[in-house]
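Working notes for the structure below.
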Amino acid sequence: MLHVALYHPAIPQNTGNIGRLCVGMDAHLHIIEPAKFDFSDNSLKRAGLDYWPDVKLTVHENEALFLEWLGERTPWLITKFGASRFDRVSYKDEDVLLLGNENTGLPDSWHARWPERRIYVPMPGPIRSYNLANTAAVVLAQAYVQLNDADVTNHGGDRDPVG
């Protein structure tokens with residue numbers, strides 16, 4: 001199972017969308033507190049739709065507890081300052097995809113701790129960054145496809161697979 005970790009998330013809609021994505025991709029969502037919103041926030045639940053109760057979620061009360069959970073794992077830091085393109089690395093089961101806060105990114109100390117594990121999504125257009133949930137979707141989908149059968153069928157029954 002892949003893991004997606006959000007460092008001090010600030011926008012509940014992004015977290016809700018990423019939670020929904022994790023349900024669809026059978027990934028585990030980790031929140032590194034403090035979040036900039038309350039988890040009872042209606043916009044979080046609206047973005048996650050009726051999938052939010054199905055999210056495999058771990059909330060780490062602080063960075064130290066997340067790092068303790070991380071143990072010997074080396075996360076992939078998803079950052080526009082990455083050295084390797086997201087689709088040119090090899091993902092493994094139990095990998096952790098780590099995304100920074102929407103406003104401030106990841107701490108410099110984390111960049112220095114894992115410099116060889118920083119990956120990026122190309123941005124050829126004139127923008128500063130992509131939306132956090134969109135970036136998570138691009139990278140998680142790539143990791144999932146590398147690790148699993150890309151022809152998995154929709155398990156949502158009669159639901160529209162993109163709605």
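Chains: A, B, ... in order of the structure tokens. Residues: from 1 per chain. Ligands: from 1, in order shown.
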task: Would you please give, as an NGL selection string, all residues of stretch 33-129 of chain A that DSSP assigns to strand (DSSP E) based on the backbone?
output: :A and (56-60 or 76-78 or 84-85 or 96-99 or 118-120)
Write out, as a short mmCIF file (atom, residue, chain, number, x, y, z; two decimals), in the first residue's frame, the residues just selected, with N, CA, C and O atoms.
```
data_model
loop_
_atom_site.label_atom_id
_atom_site.label_comp_id
_atom_site.auth_asym_id
_atom_site.auth_seq_id
_atom_site.Cartn_x
_atom_site.Cartn_y
_atom_site.Cartn_z
N LYS A 56 -8.39 5.64 4.85
CA LYS A 56 -7.44 5.08 5.82
C LYS A 56 -6.59 6.26 6.27
O LYS A 56 -5.73 6.73 5.52
N LEU A 57 -6.85 6.77 7.45
CA LEU A 57 -6.28 8.04 7.90
C LEU A 57 -5.51 7.87 9.20
O LEU A 57 -6.00 7.25 10.15
N THR A 58 -4.32 8.44 9.22
CA THR A 58 -3.55 8.57 10.45
C THR A 58 -3.20 10.04 10.60
O THR A 58 -2.66 10.65 9.68
N VAL A 59 -3.53 10.60 11.75
CA VAL A 59 -3.17 11.99 12.06
C VAL A 59 -2.01 11.95 13.04
O VAL A 59 -2.13 11.39 14.13
N HIS A 60 -0.89 12.52 12.63
CA HIS A 60 0.29 12.60 13.48
C HIS A 60 0.25 13.96 14.15
O HIS A 60 0.23 15.00 13.46
N TRP A 76 9.33 10.11 -0.59
CA TRP A 76 9.50 10.90 -1.81
C TRP A 76 8.94 12.29 -1.50
O TRP A 76 7.77 12.42 -1.19
N LEU A 77 9.76 13.31 -1.57
CA LEU A 77 9.32 14.68 -1.36
C LEU A 77 8.87 15.23 -2.71
O LEU A 77 9.66 15.31 -3.65
N ILE A 78 7.62 15.59 -2.80
CA ILE A 78 7.08 16.12 -4.05
C ILE A 78 7.19 17.64 -3.97
O ILE A 78 6.51 18.28 -3.17
N SER A 84 14.53 14.92 -9.65
CA SER A 84 14.10 13.85 -10.56
C SER A 84 12.63 14.05 -10.92
O SER A 84 11.83 14.43 -10.07
N ARG A 85 12.30 13.76 -12.17
CA ARG A 85 10.91 13.86 -12.59
C ARG A 85 10.12 12.69 -11.99
O ARG A 85 10.61 11.57 -11.92
N VAL A 96 6.20 6.35 0.71
CA VAL A 96 5.50 7.51 1.27
C VAL A 96 5.71 8.68 0.32
O VAL A 96 6.85 9.06 0.02
N LEU A 97 4.60 9.24 -0.16
CA LEU A 97 4.63 10.44 -1.01
C LEU A 97 4.32 11.62 -0.11
O LEU A 97 3.24 11.71 0.45
N LEU A 98 5.27 12.50 0.06
CA LEU A 98 5.17 13.59 1.03
C LEU A 98 4.98 14.92 0.32
O LEU A 98 5.79 15.30 -0.53
N LEU A 99 3.90 15.61 0.66
CA LEU A 99 3.59 16.90 0.06
C LEU A 99 3.57 17.97 1.15
O LEU A 99 3.07 17.75 2.26
N ARG A 118 13.84 14.01 -3.77
CA ARG A 118 12.95 15.10 -4.16
C ARG A 118 12.57 14.92 -5.63
O ARG A 118 13.43 14.83 -6.50
N ILE A 119 11.25 14.87 -5.88
CA ILE A 119 10.75 14.68 -7.23
C ILE A 119 9.83 15.84 -7.60
O ILE A 119 9.28 16.52 -6.73
N TYR A 120 9.67 16.04 -8.90
CA TYR A 120 8.84 17.15 -9.37
C TYR A 120 7.95 16.72 -10.52
O TYR A 120 8.22 15.74 -11.21
#
```
task: Pick out the residues sitting within 12 Å of A:His111, and hand them over as JSON, numbers by chain; count only C-alpha atoms, and ignore anything fewer than 2 positions along from it in its own chain.
output: {"A": [74, 75, 76, 77, 78, 79, 80, 81, 82, 83, 98, 99, 100, 105, 106, 107, 108, 109, 113, 114, 115, 116, 117, 118, 119]}
Find the residues around stretch 101-103 of chain A up to 8 Å (only C-alpha atoms counted), leave out those fewer than 3 positions away in its own chain, and share them as a short mmCIF file (atom, residue, chain, number, x, y, z; two decimals) with N, CA and C atoms, in the first residue's frame.
```cif
data_model
loop_
_atom_site.label_atom_id
_atom_site.label_comp_id
_atom_site.auth_asym_id
_atom_site.auth_seq_id
_atom_site.Cartn_x
_atom_site.Cartn_y
_atom_site.Cartn_z
N LEU A 6 0.59 14.60 4.17
CA LEU A 6 0.42 16.04 3.98
C LEU A 6 1.00 16.77 5.19
N TYR A 7 1.97 17.62 4.93
CA TYR A 7 2.64 18.39 5.97
C TYR A 7 1.87 19.68 6.23
N HIS A 8 1.29 19.80 7.40
CA HIS A 8 0.56 21.00 7.84
C HIS A 8 -0.41 21.52 6.77
N PRO A 9 -1.33 20.68 6.32
CA PRO A 9 -2.24 21.13 5.24
C PRO A 9 -3.04 22.36 5.65
N ALA A 10 -3.29 23.24 4.67
CA ALA A 10 -3.94 24.52 4.96
C ALA A 10 -5.32 24.65 4.33
N ILE A 11 -5.60 23.89 3.30
CA ILE A 11 -6.85 24.08 2.56
C ILE A 11 -7.69 22.81 2.67
N LEU A 106 7.51 22.31 2.16
CA LEU A 106 8.14 21.49 3.19
C LEU A 106 9.29 22.27 3.82
N ASN A 131 -1.94 22.98 -8.10
CA ASN A 131 -2.78 22.72 -6.94
C ASN A 131 -2.28 21.45 -6.26
N LEU A 132 -2.28 21.46 -4.93
CA LEU A 132 -1.75 20.33 -4.16
C LEU A 132 -2.48 19.03 -4.47
#
```
Contact table stretch 13-114 of chain A vs stretch 136-144 of chain A, cut-off 12 Å, shortest pair per residue, only C-alpha atoms, as a Markdown table:
```
| residue | atom | partner | partner_atom | distance |
| --- | --- | --- | --- | --- |
| A:Asn14 | CA | A:Ala136 | CA | 9.5 |
| A:Thr15 | CA | A:Ala136 | CA | 10.1 |
| A:Gly16 | CA | A:Ala136 | CA | 12.0 |
| A:Asn17 | CA | A:Ala137 | CA | 9.1 |
| A:Ile18 | CA | A:Ala136 | CA | 6.9 |
| A:Gly19 | CA | A:Ala136 | CA | 10.3 |
| A:Arg20 | CA | A:Ala137 | CA | 10.2 |
| A:Leu21 | CA | A:Ala137 | CA | 6.8 |
| A:Cys22 | CA | A:Leu140 | CA | 8.5 |
| A:Val23 | CA | A:Leu140 | CA | 11.6 |
| A:Gly24 | CA | A:Ala141 | CA | 10.0 |
| A:Met25 | CA | A:Tyr144 | CA | 7.0 |
| A:Asp26 | CA | A:Tyr144 | CA | 9.0 |
| A:Ala27 | CA | A:Leu140 | CA | 8.6 |
| A:His28 | CA | A:Leu140 | CA | 11.1 |
| A:Leu29 | CA | A:Ala136 | CA | 11.1 |
| A:Trp76 | CA | A:Val139 | CA | 10.1 |
| A:Leu77 | CA | A:Val139 | CA | 10.8 |
| A:Ile78 | CA | A:Val139 | CA | 8.3 |
| A:Thr79 | CA | A:Ala136 | CA | 10.7 |
| A:Arg85 | CA | A:Val139 | CA | 9.9 |
| A:Phe86 | CA | A:Val139 | CA | 6.3 |
| A:Asp87 | CA | A:Gln142 | CA | 6.5 |
| A:Arg88 | CA | A:Gln142 | CA | 9.8 |
| A:Val89 | CA | A:Ala143 | CA | 9.0 |
| A:Ser90 | CA | A:Ala143 | CA | 7.9 |
| A:Tyr91 | CA | A:Ala143 | CA | 5.7 |
| A:Lys92 | CA | A:Ala143 | CA | 8.0 |
| A:Asp93 | CA | A:Ala143 | CA | 9.1 |
| A:Glu94 | CA | A:Ala143 | CA | 10.7 |
| A:Asp95 | CA | A:Ala143 | CA | 8.9 |
| A:Val96 | CA | A:Leu140 | CA | 9.9 |
| A:Leu97 | CA | A:Leu140 | CA | 7.6 |
| A:Leu98 | CA | A:Ala136 | CA | 9.0 |
| A:Leu99 | CA | A:Ala136 | CA | 7.6 |
| A:Gly100 | CA | A:Ala136 | CA | 10.6 |
| A:Glu102 | CA | A:Ala136 | CA | 11.9 |
```
How would the residues just picked look written out with C-alpha atoms as an mmCIF file, in the first residue's frame?
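Once everything was written out, this is result_34.cif:
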```cif
data_model
loop_
_atom_site.group_PDB
_atom_site.id
_atom_site.type_symbol
_atom_site.label_atom_id
_atom_site.label_comp_id
_atom_site.auth_asym_id
_atom_site.auth_seq_id
_atom_site.Cartn_x
_atom_site.Cartn_y
_atom_site.Cartn_z
ATOM 1 C CA ASN A 14 -7.381 19.872 -1.014
ATOM 2 C CA THR A 15 -7.250 17.469 1.901
ATOM 3 C CA GLY A 16 -10.774 16.247 1.133
ATOM 4 C CA ASN A 17 -9.892 15.665 -2.517
ATOM 5 C CA ILE A 18 -6.674 13.870 -1.583
ATOM 6 C CA GLY A 19 -8.613 11.720 0.888
ATOM 7 C CA ARG A 20 -11.030 10.742 -1.879
ATOM 8 C CA LEU A 21 -8.064 10.001 -4.146
ATOM 9 C CA CYS A 22 -6.529 7.775 -1.464
ATOM 10 C CA VAL A 23 -9.757 5.781 -1.187
ATOM 11 C CA GLY A 24 -9.820 5.275 -4.957
ATOM 12 C CA MET A 25 -6.149 4.286 -5.143
ATOM 13 C CA ASP A 26 -6.223 2.212 -1.931
ATOM 14 C CA ALA A 27 -3.596 4.444 -0.319
ATOM 15 C CA HIS A 28 -3.208 5.493 3.306
ATOM 16 C CA LEU A 29 -3.480 9.227 4.086
ATOM 17 C CA TRP A 76 9.497 10.901 -1.810
ATOM 18 C CA LEU A 77 9.323 14.683 -1.363
ATOM 19 C CA ILE A 78 7.075 16.120 -4.053
ATOM 20 C CA THR A 79 8.397 19.604 -4.722
ATOM 21 C CA ARG A 85 10.905 13.858 -12.592
ATOM 22 C CA PHE A 86 8.055 11.998 -10.864
ATOM 23 C CA ASP A 87 7.648 9.468 -13.677
ATOM 24 C CA ARG A 88 11.334 8.576 -13.895
ATOM 25 C CA VAL A 89 11.734 7.068 -10.440
ATOM 26 C CA SER A 90 10.866 3.563 -9.246
ATOM 27 C CA TYR A 91 8.197 3.346 -6.583
ATOM 28 C CA LYS A 92 7.908 0.464 -4.159
ATOM 29 C CA ASP A 93 5.138 -0.904 -1.985
ATOM 30 C CA GLU A 94 4.880 1.081 1.280
ATOM 31 C CA ASP A 95 6.476 4.180 -0.267
ATOM 32 C CA VAL A 96 5.504 7.505 1.268
ATOM 33 C CA LEU A 97 4.629 10.436 -1.012
ATOM 34 C CA LEU A 98 5.174 13.589 1.029
ATOM 35 C CA LEU A 99 3.586 16.905 0.062
ATOM 36 C CA GLY A 100 4.166 20.238 1.788
ATOM 37 C CA GLU A 102 0.044 24.779 0.210
#
```
message: Using DSSP assignments from the backbone, pull out every residue in stretch 66-99 of chain A that falls under alpha helix (DSSP H) and give it to me as a VMD selection string.
response: chain A and resid 66 to 70
Output N, CA and C atoms for every residue in that selection, as a PDB file, in the first residue's frame.
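Printed below is result08.pdb as written:
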```
ATOM      1  N   PHE A  66       5.397  11.879  13.356  1.00  0.00           N
ATOM      2  CA  PHE A  66       5.434  11.398  11.975  1.00  0.00           C
ATOM      3  C   PHE A  66       6.785  10.762  11.674  1.00  0.00           C
ATOM      4  N   LEU A  67       7.866  11.428  12.057  1.00  0.00           N
ATOM      5  CA  LEU A  67       9.201  10.895  11.793  1.00  0.00           C
ATOM      6  C   LEU A  67       9.416   9.577  12.532  1.00  0.00           C
ATOM      7  N   GLU A  68       8.839   9.464  13.718  1.00  0.00           N
ATOM      8  CA  GLU A  68       8.913   8.198  14.455  1.00  0.00           C
ATOM      9  C   GLU A  68       8.186   7.103  13.681  1.00  0.00           C
ATOM     10  N   TRP A  69       6.981   7.405  13.175  1.00  0.00           N
ATOM     11  CA  TRP A  69       6.242   6.429  12.368  1.00  0.00           C
ATOM     12  C   TRP A  69       7.040   6.076  11.111  1.00  0.00           C
ATOM     13  N   LEU A  70       7.646   7.086  10.489  1.00  0.00           N
ATOM     14  CA  LEU A  70       8.387   6.890   9.247  1.00  0.00           C
ATOM     15  C   LEU A  70       9.530   5.897   9.449  1.00  0.00           C
TER      16      LEU A  70
END
```
- prompt: What does the distance from atom CA of A:Val4 to atom CA of A:His30 come to in Å, to one decimal?
  reply: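 Interatomic distance here is 6.0 Å.
Here atom CA of A:Glu33 and atom CA of A:Thr104 stand 14.3 Å from one another.
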task: Give me, please, the distance in Å between atom CA of A:Ala5 and atom CA of A:Ala133, quoted to one decimal.
output: 11.8 Å
